[in-house]
Protein chains: 2
Amino acid sequence: MSLNSVIDATESAVADDPRNAVAHFAVDHRLDDLPAEKPTLVHVKARGHEFTVDEPAALGGADAAANPVEYALAALGSCQVITYQFWAAKLGITLDSIRVTVAGDLDLHGFFGFDNEVRPGFRGVRVSVDLGGPDRSRFPELQIAVDQHCPVLDLFSNPTPAQTELVPPRNA
Amino acid sequence: MSLNSVIDATESAVADDPRNAVAHFAVDHRLDDLPAEKPTLVHVKARGHEFTVDEPAALGGADAAANPVEYALAALGSCQVITYQFWAAKLGITLDSIRVTVAGDLDLHGFFGFDNEVRPGFRGVRVSVDLGGPDRSRFPELQIAVDQHCPVLDLFSNPTPAQTELVPPRNA
């Protein structure tokens, strides 16, 4: 199914019932049998998709996989790529290639609690988008549409309410 | 190296020169040879680690991998797990197991531009943390420390400046 067909099908489904637009996502993370030999190797499951997360040696891991903040950057970069695909289809702009690089710095004073004035997360993030195709004069228009509608760019740019809770003990 | 050794080594390195605390991360994303048969399959490279991102069929993909917003939830869940490991070590709290589930909803009115009043990203996110171990009375103290120092929880909860730019054409 072409992306324009997906857009049209979604528009019809949402017109029938706006609740069809609500998408629910859930991801599980596991670290069992502690103390583990690999204390930062996390097993992740998102629907049927499984992958791992780890830390480099300098952060206590065996570097078996990318680390959490790299996955966060990858979420942003891949969301930009896919949003470019959808909005190029919607606006009738031809793309021949898309490459996106996302880079960010963070100051470990925050994570380790060495300085509680330093935020633990990224201080800022830079996204470089390299597009190929014949409609170059329309790329700035496309960039504006993408940046207004990219779910993970919204997550980075704006606060998302996140509530954490400890699960009560099963035998309490 | 134990996590406490990592904490001590980092503290020494940062005391020598605070600039040692700045960690730089960069991730590349590629979609070549468009129009592609799989228009949402993104190839990602973070240092030496490669993986893919895709969309389910309802969002135009072949469901070859988790999608960008699932990777964003996985970044948060895995960051919580690893931050629990570090802060349990730092506070001397024994953990036998850690499981974290992260769930969130988003309203596709935003992504598709059907309603520009609807944000494209998650409306909210819930993180359930299931800890096992003998020091249950100290888990609430641990939760507070983790949530103050978790880099990706900070990314969700607070704005992170994110700047996007189009790379100028190479032959212009």
# chains A, B, ... in the order shown; residues from 1 in each chain; ligands from 1
>>> residues_around(residues="Val81 (chain B)", least_positions_apart="5", cutoff="10 Å", atoms="only C-alpha atoms", output="list of chain:residue names")
A:His29, A:Arg30, A:Leu31, A:Pro39, A:Thr40, A:Leu41, A:Val42, A:Pro68, B:Leu76, B:Phe86, B:Ser97, B:Ile98, B:Arg99, B:Val100, B:Val129, B:Leu131, B:Val146, B:Cys150
>>> residues_around(residues="region 154-158 of chain B", least_positions_apart="6", cutoff="12 Å", atoms="only C-alpha atoms", output="ChimeraX atom specification")
/A:68-69,72-73,76,104,106,110-111,118-125,152-164 /B:72-73,75-77,79-80,104,121-127,146-148
>>> residues_around(residues="Ala57 (chain A)", least_positions_apart="4", cutoff="10 Å", atoms="only C-alpha atoms", output="list of chain:residue names")
A:Gly61, A:Ala62, A:Asp63, A:Ala64, B:Met1, B:Val6
>>> closest_residue(among="B:Ala15, B:Gly132, B:Thr52, B:Leu34", to="chain A", atoms="only C-alpha atoms")
B:Leu34
>>> residues_around(residues="Gly92 (chain B)", least_positions_apart="3", cutoff="12 Å", atoms="only C-alpha atoms", output="MDAnalysis selection string")
chainID B and resid 3:4 84:89 95 134:135 138:139 141:142
